[in-house]
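In what follows, a structure is listed as structure tokens, so that the remarks can point back to it.
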Amino acid sequence: MMMPDFGTGARIALAPLPPDWPGGFWWHWLFFTVLVLAFVLSMVMGVIYIERRVLARMQSRLGPNRTGPFGLLQAVADAVKVLIKENIVPAAADKVVHWLAPVVAFAPVVMVFAVVPFANGALLADLNIGILYVVAVSSIASVGIFMAGWGSSNKYALLGGMRDVASIVSYEIPLVLAILGVVLVAGSLSLNDIVQAQQNIPFILVQPLGFLLFFTAACAEINRSPFDLLEADSELTAGFHTEYSGMKFAMFYLVEYAEALAVSAVVATLFLGGWQGPVLPPWLWFLGKVFFVFLVMVWVRATMPRVRIDQLMAFAWKCLFPLALLNLLLTAAEVALWPGAMPLIVIPINFAIAGLLIIIWSKFFKLGWGRVEV
Amino acid sequence: MTIALSGTELGKRLAEKFPGSIVESIPDCLLVNPSLLPEVAGFLKDIPDLDFNYLNYITSVDYYEYFEVIYRLTSTKYNHSIVLKARCYDRENPVLPSVTELWQGANFQEREIYDLMGIRFEGHPNLKRLLLWDGFAGHPLRKDYL
Amino acid sequence: MEVVPDYIYPDREIDRAEGQVINDLKANSQPVIPDSDAWLDAELKQNILLTSVDTMIDWAQRSSLWTAICFPACCAFEFIAANGPRFDLSRFGMEILRASPRQADLMITAGTLTWKMAPNVKRIYEQMAEPKWVIAMGACAISGGIFASGYNVVPGYNHIIPVDVYVPGCPPRPEGLIYGIQMLQKKIAKKSLFHKEKA
Amino acid sequence: MAIKTEPFVLNIGPVHPSTHGVFRMRATLDGEVVLDIEPVIGYLHRGIEKLAEQRTFTGFIPLTDRLDYISSMSNNMAYCMAVEKLAGVKVPERAQYLRVIIAEMQRIANHLIANGSFLNDCGAYFTPFLYMFREREKVVDLFEMLSGQRLTYNFMRIGGLSQDIPDEFLPALRRFLDKMPAFIDEYDRLLKENEVLLARTRGVGIITAEKALNCSISGPVLRSTGYSWDLRKADPYLLYDRFNFDVPVGMQGDCYDRFRVRMEEMRQSVRIIEQALKDLPLKGAVRADVPQRLHPPKGEAYAHIESPKGELGFHVVSDNSIAPYRVHIRPTSLLNLTALREMVRGWKVADLIVIFGSIDICLGEVDR
């Protein structure tokens with residue numbers, strides 16, 4: 001495996017094969033594509049099980065434990081049942097859009113995993129613009145969600161779709177700005193390089209504010225609680241997938257958790273050091289970090305009330321966006337000050353500045369009231 | 001303790017103010033002439049030493065010969081209450097004036113009485129059936145229903 | 001007091017149309033919908049391949065009964081109690097309440113059904129995707145209960161929709177509901193995908 | 001620059017996760033903004049007032065359970081008090097103490113559900129709801145000890161209670177009371193100062209005291225406006241004038257105040273029960289001698305109590321037969337909904353749900 005070369009950027013989009021991997025180029029592709037797909041699907045079932053068990057424990061109940069040992073087969077049963085359920089297309093729906101929406105939503109989420117490194121170099125495509133690819137591809141899912149909301153010809157679904165578009169347009173900006181901080185420190189857009197740059201210090205220490213911004217914005221992008229407005233079940237019954245049943249609903253259900261998994265993986269890669277770690281094998285470190293991030297999401301979901309749509313927008317533009325800009329400015333200054341390696345002193349400095357900014361913003365910025373005169 | 005004002009005393013005062021408004025005044029309640037009900041109720045609400053600002057409830061009873069509509073008013077300032085009653089003798093098309101202008105709390109209750117007892121309230125902003133649906137035959141709380 | 005303007009849309013036509021729907025349904029649903037469980041007694045003769053597919057599918061369906069939200073009245077609180085920390089339906093994988101009937105498998109009809117509500121319940125039932133089951137929970141859902149003589153009460157959900165399992169009680173205790181759910185699971189286990197139910 | 005938009009009608013309910021039953025709103029929306037709503041009710045109208053005329057005075061008590069099924073005991077009690085007033089029955093003192101204890105326990109149980117489902121409407125995914133349900137189960141256990149039922153207790157009788165309390169009841173209640181304040185603190189810690197909750201509920205759905213009084217609103221919704229009107233103080237029934245307790249009031253009548261008022265009322269209820277337990281006579285009848293076939297003299301009576309949701313009253317008319325001539329129920333929940341239309345205009349759809357949830361209605365009582 002070649003060592004990262006910061007900044008020279010002379011590599012082609014598809015990185016050369018590692019020597020120890022089997023087969024020719026295309027065989028390699030086929031094999032690992034199938035592997036990644038299988039991994040994503042089985043992991044999604046795993047995280048659904050984990051979420052239901054953990055959520056239930058947090059709500060002082062037990063969670064699924066009757067289906068299979070410890071309820072491990074619960075997700076399997078759910079999947080089989082949902083897949084053979086009747087598939088209803090409303091008469092008034094836009095048939096093509098209605099059919100296409102789950103596929104459009106599902107495909108990009110799986111594609112994100114192509115560039116996530118599971119161990120050193122163990123990734124489907126070591127793109128030198130990996131993180132840009134993640135940002136670009138993951139946003140396509142919301143096109144599918146909007147298609148679902150529009151194509152169902154249901155008012156609840158339409159409201160859900162509108163909310164999704166509004167949130168994705170707003171939260172993309174702080175998300176990318178937060179990523180840029182990491183990219184500046186690492187000096188590369190490739191995810192594998194970014195992980196390797198965290199050899200000594202995970203970036204969560206160097207970029208505490210960036211981590212918080214990225215995590216919040218990513219939660220909003222994938223519509224995890226407290227930003228789960230587009231399928232807010234106490235307001236919009238089931239939001240954009242109100243009219244979906246059977247297999248197509250299963251795909252949306254899958255998308256929801258696959259997105260959560262993808263964000264967990266990206267957070268683990270960008271901020272927690274990816275596969276880096278002592279003693280244990282790298283892939284285990286990676287999975288452990290992914291699950292840890294996912295558990296934090298579940299924890300947030302179990303406690304937080306939901307924000308309102310105008311508060312969601314205000315939060316993105318008035319709070320996250322300026323903070324992300326300041327974070328980027330600060331990081332750029334630090335990188336310019338200490339080209340090469342940063343001294344450890346930046347860690348306390350960054351933490352102090354992050355805390356200060358958050359305190360300032362919490363004083364000046366309040367989520368508004370939002371009544372309109374009618 | 002909420003004091004129940006004596007109907008006889010208040011009736012005297014109201015009869016002076018609005019001649020012919022009080023049909024009968026007994027200690028428990030005031031029987032008001034339906035045509036002057038809004039004036040009497042408005043007086044009770046607005047006059048400072050009575051100040052009946054709270055309408056507890058409105059209900060109606062079917063006595064075969066007449067419908068009796070009962071209004072219980074309370075003043076949360078002086079903590080006293082009074083019961084007004086109005087009767088309509090027309091069984092086919094009973095009509096009473098609405099008090100929704102004075103107390104918005106009467107809105108749903110008058111609709112409910114219209115729905116279940118069939119008494120129309122003149123001046124109600126949105127008089128339609130509340131609990132049953134449009135097209136339901138009859139008014140169930142009348143004694144001759146079923 | 002400020003005067004609230006009239007409603008923006010012409011609601012009286014909507015009201016009349018809705019009332020007409022209720023009256024029609026009331027006129028048409030006097031007979032009880034028969035229980036379609038006669039096939040349960042029939043001996044199932046399939047080859048081994050089909051029965052193992054059946055076993056798999058029946059297992060999946062009975063292990064993941066997602067409930068549609070249709071809780072008109074009092075029994076709803078016993079259902080929530082059954083979902084709550086003590087009785088904990090989540091053990092059976094039933095903690096997912098689907099607000100959209102399209103994604104639900106099981107309708108637990110908790111509470112009195114009135115004629116005004118009946119078209120909505122029928123519609124929810126029709127919106128649910130096959131296969132679907134109904135548990136009539138409580139005396140009111142079975143026969144109208146103590147309100148059976150009321151002028152606006154449907155004497156039992158089986159006038160409107162077919163019911164699979166009846167759970168008596170007013171309201172049934174959560175244990176009773178869980179027992180009813182287990183009866184339903186047994187019923188699903190007997191079902192065969194390739195055995196057409198004779199109507 | 002204003003974009004030209006067209007309002008559309010969204011039908012929320014009658015089957016919707018957060019309409020607490022079968023409430024239905026025809027909402028006219030402009031995008032997310034609520035221009036207007038029209039409450040459509042009657043989906044649970046079982047004709048209880050008509051059924052009362054077919055039953056004896058005692059035989060109507062089970063039906064009152066199904067009115068506000070979250071606080072059945074309060075309904076029982078209000079109806080029995082109205083008939084007692086009509087028939088001139090004097091309730092023994094021990095029964096009155098027990099009624100106070102039971103009514104306050106019922107208040108705790110009701111507010112637990114009200115606040116839990118309110119937080120659920122705010123979008124906290126079931127957690128606070130289930131936490132509060134855990135404690136409600138304990139109240140329900142105590143009631144089960146008394147009446148053998150979990151939801152529809154049918155425990156009160158005209159002239160007292162149906163039977164004396166079992167011996168285990170008082171120690172069990174004691175244990176519950178010892179733990180309850182800590183649990184209320186736990187709920188406070190859970191979400192009281194959560195920034196998202198504050199942003200969602202503070203200043204949302206404000207109603208002024210004048211407006212609330214004009215709309216016949218009562219209970220925690222009225223008190224949240226800062227207006228102290230509690231029938232336990234204003235028109236003391238049973239033995240409430242013997243106990244020390246405060247009436248918690250809100251600041252400005254928004255959703256957050258309603259939430260806080262209910263929380264504080266639970267604390268006050270614990271206080272009342274503790275005082276009542278201290279003074280409870282250990283021996284004595286729990287039921288006055290009331291004939292089986294009661295026929296009260298001709299006349300009418302109205303008795304009201306401060307039920308957990310507000311002023312709950314029964315207007316009973318007797319014609320000296322064994323069945324009531326007419327029973328009217330003053331529906332707290334229905335009257336509290338009167339101002340809903342004004343409260344939600346101009347807010348977003350999400351606020352509509354929150355405001356509606358903060359009023360805490362029970363459809364059994366709205367529709368009867």
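Ordered as shown in the structure tokens, chains take letters A, B, and onward, while each chain numbers its residues from 1 and ligands are numbered from 1 in the order shown.
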Counting only C-alpha atoms, which residues of chain C come no farther than 7 Å from chain B, as a PyMOL selection string? chain C and resi 15-16+19-20+116
Within 8 Å of chain D: residues of chain C, using only C-alpha atoms, as number ranges by chain: C: 4, 7-8, 69-74, 77-78, 81, 84-86, 99, 112-117, 120, 146-147, 149-153, 170-171, 173
In segment 74-306 of chain A, DSSP alpha helix (DSSP H) residues written as a PyMOL selection string: chain A and resi 74-83+95-112+130-138+140-151+155-186+191-197+203-206+208-221+246-270+282-303
Identify, on the basis of only C-alpha atoms, every residue whose closest approach to Asn56 of chain B does not exceed 10 Å; exclude the query and any residue fewer than 2 positions from it along the same chain; express the result as a ChimeraX atom specification. /B:53-54,58,71-75,81,83,105-106 /D:213,215-218,304,311-313,330,332,335
Writing out the chosen residues with N, CA, C and O atoms as a compact mmCIF listing (two decimals), in the first residue's frame:
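Below you can see part-v7.txt, which holds the result:
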# COMPACT_ATOMS: atom_id res chain seq x y z
N ASN B 53 -68.71 36.44 34.78
CA ASN B 53 -67.81 36.30 33.63
C ASN B 53 -67.63 34.86 33.19
O ASN B 53 -66.96 34.60 32.22
N TYR B 54 -68.18 33.93 33.91
CA TYR B 54 -67.90 32.52 33.61
C TYR B 54 -69.21 31.78 33.43
O TYR B 54 -70.07 31.79 34.33
N ILE B 58 -74.37 25.02 29.81
CA ILE B 58 -75.74 25.16 29.35
C ILE B 58 -76.26 23.75 29.16
O ILE B 58 -75.55 22.89 28.63
N TYR B 71 -78.94 27.74 32.20
CA TYR B 71 -77.63 28.39 32.12
C TYR B 71 -77.13 28.56 33.55
O TYR B 71 -77.83 29.13 34.38
N ARG B 72 -75.96 28.09 33.84
CA ARG B 72 -75.38 28.36 35.16
C ARG B 72 -74.23 29.34 34.97
O ARG B 72 -73.29 29.07 34.22
N LEU B 73 -74.32 30.46 35.66
CA LEU B 73 -73.30 31.50 35.55
C LEU B 73 -72.57 31.62 36.87
O LEU B 73 -73.16 31.46 37.94
N THR B 74 -71.28 31.91 36.79
CA THR B 74 -70.49 32.10 37.99
C THR B 74 -69.67 33.36 37.81
O THR B 74 -69.25 33.68 36.70
N SER B 75 -69.48 34.07 38.91
CA SER B 75 -68.53 35.16 38.89
C SER B 75 -67.28 34.69 39.60
O SER B 75 -67.32 34.36 40.78
N SER B 81 -72.85 32.56 42.21
CA SER B 81 -73.38 31.94 40.99
C SER B 81 -74.89 32.12 40.94
O SER B 81 -75.54 32.42 41.94
N VAL B 83 -78.49 30.64 38.49
CA VAL B 83 -78.98 29.76 37.44
C VAL B 83 -80.10 30.49 36.70
O VAL B 83 -81.03 30.98 37.31
N GLY B 105 -67.79 30.23 25.42
CA GLY B 105 -67.94 28.86 25.90
C GLY B 105 -69.27 28.25 25.54
O GLY B 105 -69.43 27.03 25.58
N ALA B 106 -70.23 29.10 25.16
CA ALA B 106 -71.54 28.57 24.79
C ALA B 106 -71.53 27.95 23.41
O ALA B 106 -72.46 27.24 23.05
N LEU D 213 -61.53 32.48 30.54
CA LEU D 213 -62.77 32.52 31.32
C LEU D 213 -63.96 32.66 30.39
O LEU D 213 -65.00 32.04 30.58
N CYS D 215 -64.26 31.55 27.49
CA CYS D 215 -64.49 30.30 26.78
C CYS D 215 -64.83 29.17 27.72
O CYS D 215 -64.76 28.00 27.32
N SER D 216 -65.14 29.47 28.98
CA SER D 216 -65.51 28.44 29.96
C SER D 216 -64.41 27.41 30.17
O SER D 216 -64.68 26.25 30.43
N ILE D 217 -63.18 27.84 30.04
CA ILE D 217 -62.07 26.90 30.22
C ILE D 217 -61.78 26.77 31.71
O ILE D 217 -61.91 27.74 32.46
N SER D 218 -61.43 25.60 32.14
CA SER D 218 -61.16 25.38 33.56
C SER D 218 -59.96 24.46 33.71
O SER D 218 -59.38 24.01 32.73
N HIS D 304 -70.24 19.88 41.26
CA HIS D 304 -69.04 19.91 40.43
C HIS D 304 -67.81 19.66 41.30
O HIS D 304 -67.79 19.98 42.48
N GLU D 311 -63.22 21.63 35.69
CA GLU D 311 -64.48 21.52 36.40
C GLU D 311 -65.33 20.44 35.75
O GLU D 311 -65.79 20.59 34.63
N LEU D 312 -65.54 19.37 36.48
CA LEU D 312 -66.41 18.31 36.00
C LEU D 312 -67.68 18.35 36.83
O LEU D 312 -67.63 18.29 38.05
N GLY D 313 -68.82 18.48 36.18
CA GLY D 313 -70.06 18.57 36.93
C GLY D 313 -71.12 17.67 36.35
O GLY D 313 -71.08 17.32 35.18
N ARG D 330 -71.26 18.08 32.54
CA ARG D 330 -70.52 19.24 32.08
C ARG D 330 -69.18 18.75 31.56
O ARG D 330 -68.32 18.34 32.33
N THR D 332 -65.71 18.83 30.69
CA THR D 332 -64.52 19.65 30.83
C THR D 332 -63.71 19.68 29.54
O THR D 332 -63.31 20.73 29.06
N LEU D 335 -65.24 21.74 26.68
CA LEU D 335 -65.20 23.18 26.84
C LEU D 335 -63.76 23.69 26.77
O LEU D 335 -63.52 24.80 26.29
Using 10 Å as the limit and counting only C-alpha atoms, can you tabulate each residue of chain D that touches chain A, with its shortest atom-to-atom distance in Å and the two atoms involved, as a Markdown table?
| residue | atom | partner | partner_atom | distance |
| --- | --- | --- | --- | --- |
| D:Phe8 | CA | A:Lys155 | CA | 9.0 |
| D:Val9 | CA | A:Lys155 | CA | 8.9 |
| D:Leu10 | CA | A:Lys155 | CA | 6.9 |
| D:Asn11 | CA | A:Lys155 | CA | 9.0 |
| D:Ile12 | CA | A:Leu236 | CA | 8.8 |
| D:Gly13 | CA | A:Thr237 | CA | 9.8 |
| D:Val15 | CA | A:Thr237 | CA | 9.5 |
| D:His16 | CA | A:Thr237 | CA | 6.5 |
| D:Pro17 | CA | A:Ser234 | CA | 5.5 |
| D:Ser18 | CA | A:Ser234 | CA | 5.3 |
| D:Thr19 | CA | A:Ser234 | CA | 8.8 |
| D:Asp30 | CA | A:Val374 | CA | 9.9 |
| D:Gly31 | CA | A:Leu159 | CA | 7.8 |
| D:Glu32 | CA | A:Leu159 | CA | 7.7 |
| D:Val33 | CA | A:Val372 | CA | 7.4 |
| D:Val34 | CA | A:Val374 | CA | 8.5 |
| D:Leu35 | CA | A:Val374 | CA | 6.2 |
| D:Asp36 | CA | A:Val374 | CA | 8.8 |
| D:Leu119 | CA | A:Pro305 | CA | 7.2 |
| D:Asn120 | CA | A:Ser234 | CA | 7.5 |
| D:Asp121 | CA | A:Ser234 | CA | 5.6 |
| D:Cys122 | CA | A:Pro305 | CA | 5.5 |
| D:Gly123 | CA | A:Pro305 | CA | 4.5 |
| D:Ala124 | CA | A:Pro305 | CA | 4.0 |
| D:Tyr125 | CA | A:Ala302 | CA | 5.7 |
| D:Phe126 | CA | A:Gln59 | CA | 7.5 |
| D:Thr127 | CA | A:Gln59 | CA | 5.1 |
| D:Pro128 | CA | A:Thr303 | CA | 7.8 |
| D:Phe129 | CA | A:Gln59 | CA | 8.8 |
| D:Leu130 | CA | A:Gln59 | CA | 6.2 |
| D:Tyr131 | CA | A:Gln59 | CA | 6.7 |
| D:Arg134 | CA | A:Ser60 | CA | 8.5 |
| D:Leu190 | CA | A:Thr303 | CA | 8.0 |
| D:Leu191 | CA | A:Thr303 | CA | 8.1 |
| D:Asn194 | CA | A:Met304 | CA | 8.0 |
| D:Glu195 | CA | A:Leu367 | CA | 8.6 |
| D:Val196 | CA | A:Val307 | CA | 6.3 |
| D:Leu197 | CA | A:Pro305 | CA | 6.1 |
| D:Leu198 | CA | A:Leu367 | CA | 8.9 |
| D:Ala199 | CA | A:Leu367 | CA | 5.6 |
| D:Arg200 | CA | A:Val307 | CA | 6.7 |
| D:Thr201 | CA | A:Trp369 | CA | 8.8 |
| D:Arg202 | CA | A:Trp369 | CA | 7.8 |
| D:Gly203 | CA | A:Trp369 | CA | 6.7 |
| D:Val204 | CA | A:Trp369 | CA | 7.0 |
| D:Gly205 | CA | A:Arg371 | CA | 9.3 |
| D:Val344 | CA | A:Arg371 | CA | 9.2 |
| D:Arg345 | CA | A:Val374 | CA | 7.0 |
| D:Gly346 | CA | A:Val372 | CA | 4.6 |
| D:Trp347 | CA | A:Arg371 | CA | 5.0 |
| D:Lys348 | CA | A:Arg371 | CA | 7.6 |
| D:Val349 | CA | A:Glu235 | CA | 7.2 |
| D:Ala350 | CA | A:Glu235 | CA | 6.0 |
| D:Asp351 | CA | A:Arg308 | CA | 7.9 |
| D:Leu352 | CA | A:Glu235 | CA | 8.7 |
| D:Ile353 | CA | A:Glu235 | CA | 6.5 |
| D:Val354 | CA | A:Glu235 | CA | 9.1 |
Tell me the residues of chain C close to chain A, meaning within 6 Å using only C-alpha atoms, as a compact mmCIF listing (two decimals) with N, CA, C and O atoms, in the first residue's frame.
# COMPACT_ATOMS: atom_id res chain seq x y z
N ALA C 60 -42.43 -15.76 10.19
CA ALA C 60 -42.09 -14.34 10.06
C ALA C 60 -43.30 -13.48 10.36
O ALA C 60 -43.22 -12.47 11.07
N GLN C 61 -44.45 -13.92 9.84
CA GLN C 61 -45.62 -13.07 10.02
C GLN C 61 -46.08 -13.03 11.46
O GLN C 61 -46.50 -11.99 11.96
N SER C 64 -43.70 -10.82 13.77
CA SER C 64 -43.57 -9.37 13.63
C SER C 64 -44.92 -8.79 13.26
O SER C 64 -45.19 -8.47 12.12
N PRO C 85 -44.00 -0.49 30.21
CA PRO C 85 -42.89 -1.18 30.84
C PRO C 85 -43.26 -2.49 31.52
O PRO C 85 -42.47 -3.42 31.52
N SER C 90 -43.22 -5.28 23.56
CA SER C 90 -42.05 -5.19 22.69
C SER C 90 -41.26 -6.48 22.69
O SER C 90 -40.48 -6.72 21.78
N ARG C 91 -41.49 -7.33 23.68
CA ARG C 91 -40.82 -8.63 23.66
C ARG C 91 -41.19 -9.42 22.43
O ARG C 91 -40.38 -10.18 21.90
N PHE C 92 -42.42 -9.26 21.96
CA PHE C 92 -42.86 -9.99 20.78
C PHE C 92 -42.54 -9.24 19.50
O PHE C 92 -43.05 -9.57 18.45
N GLY C 93 -41.76 -8.16 19.62
CA GLY C 93 -41.48 -7.37 18.44
C GLY C 93 -42.66 -6.54 18.00
O GLY C 93 -42.80 -6.19 16.84
N ALA C 99 -48.23 4.28 12.26
CA ALA C 99 -49.30 5.25 12.15
C ALA C 99 -49.98 5.14 10.79
O ALA C 99 -51.14 5.47 10.64
N SER C 100 -49.25 4.67 9.80
CA SER C 100 -49.83 4.52 8.48
C SER C 100 -50.37 3.10 8.35
O SER C 100 -49.62 2.14 8.49
N ARG C 102 -50.99 1.38 5.92
CA ARG C 102 -50.40 0.62 4.83
C ARG C 102 -49.32 -0.33 5.31
O ARG C 102 -49.05 -1.33 4.67
N GLN C 103 -48.67 0.02 6.40
CA GLN C 103 -47.52 -0.76 6.83
C GLN C 103 -47.84 -1.66 8.00
O GLN C 103 -46.96 -2.28 8.57
N ALA C 129 -52.46 -3.40 4.09
CA ALA C 129 -52.03 -4.31 3.04
C ALA C 129 -52.20 -5.74 3.51
O ALA C 129 -52.00 -6.05 4.68
N GLU C 130 -52.57 -6.61 2.60
CA GLU C 130 -52.68 -8.03 2.92
C GLU C 130 -51.29 -8.58 3.22
O GLU C 130 -50.32 -8.16 2.62
What lies within 12 Å of Ser60 of chain B using only C-alpha atoms, ignoring chain neighbours under 2 positions off, as a count of residues only? 43
When you look at Tyr179 of chain C with a cut-off of 12 Å (counting only C-alpha atoms), what residues show up, excluding the ones that are within fewer than 6 positions of it in the same chain? I need them as an MDAnalysis selection string. chainID C and resid 82 87 89 135 137 165:168 172:173 185:186
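Using only C-alpha atoms for every distance, the candidate list D:Ala276, D:Leu173, D:Leu222, D:Val91 yields D:Leu222 as the residue closest to chain B.
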What's around segment 134-148 of chain A at 7 Å? Count only C-alpha atoms, leave out sequence neighbours fewer than 4 positions away in its own chain, and write the answer as a PyMOL selection string. chain A and resi 97-98+101-102+104-106+108-109+112+130+152+161-162+164-165+240-241
Using C-alpha atoms, can you export the residues from the last selection as a PDB file, in the first residue's frame?
ATOM      1  CA  VAL A  97     -42.239   8.189  -9.550  1.00  0.00           C
ATOM      2  CA  HIS A  98     -43.872   6.098  -6.855  1.00  0.00           C
ATOM      3  CA  ALA A 101     -38.499   6.533  -5.382  1.00  0.00           C
ATOM      4  CA  PRO A 102     -37.321   3.710  -3.087  1.00  0.00           C
ATOM      5  CA  VAL A 104     -33.383   6.220  -5.967  1.00  0.00           C
ATOM      6  CA  ALA A 105     -33.280   6.574  -2.213  1.00  0.00           C
ATOM      7  CA  PHE A 106     -31.610   3.252  -1.565  1.00  0.00           C
ATOM      8  CA  PRO A 108     -26.754   6.071  -3.090  1.00  0.00           C
ATOM      9  CA  VAL A 109     -26.677   5.011   0.532  1.00  0.00           C
ATOM     10  CA  VAL A 112     -21.311   5.578   0.210  1.00  0.00           C
ATOM     11  CA  GLY A 130     -13.453  10.260  -1.385  1.00  0.00           C
ATOM     12  CA  SER A 152     -47.761   9.397  -3.419  1.00  0.00           C
ATOM     13  CA  GLY A 161     -41.059  15.567   1.221  1.00  0.00           C
ATOM     14  CA  MET A 162     -41.033  19.352   1.424  1.00  0.00           C
ATOM     15  CA  ASP A 164     -36.811  16.874   3.610  1.00  0.00           C
ATOM     16  CA  VAL A 165     -35.775  19.099   0.725  1.00  0.00           C
ATOM     17  CA  PHE A 240     -43.128  10.669   3.120  1.00  0.00           C
ATOM     18  CA  HIS A 241     -43.683   6.906   3.193  1.00  0.00           C
TER      19      HIS A 241
END
Could you pull out the residues in segment 4-154 of chain C that DSSP calls strand (DSSP E) from the backbone, as a PyMOL selection string? chain C and resi 67-68+97-98+106-110+133-137
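In this structure, atom CA of Val34 of chain A sits 24.4 Å away from atom CA of Asp193 of chain A.
Interatomic distance, atom CA of Phe52 of chain B against atom CA of Ser25 of chain B: 18.0 Å.
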Would you mind listing what lies within 10 Å of Ile131 of chain A as a ChimeraX atom specification, with only C-alpha atoms counted and same-chain residues fewer than 5 positions away left out? /A:112,115-116,136-137,176,179-180,183,188-192,194,266,270
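Atom CA of Leu337 of chain A to atom CA of Phe203 of chain A spans 17.9 Å [interatomic distance, one decimal].
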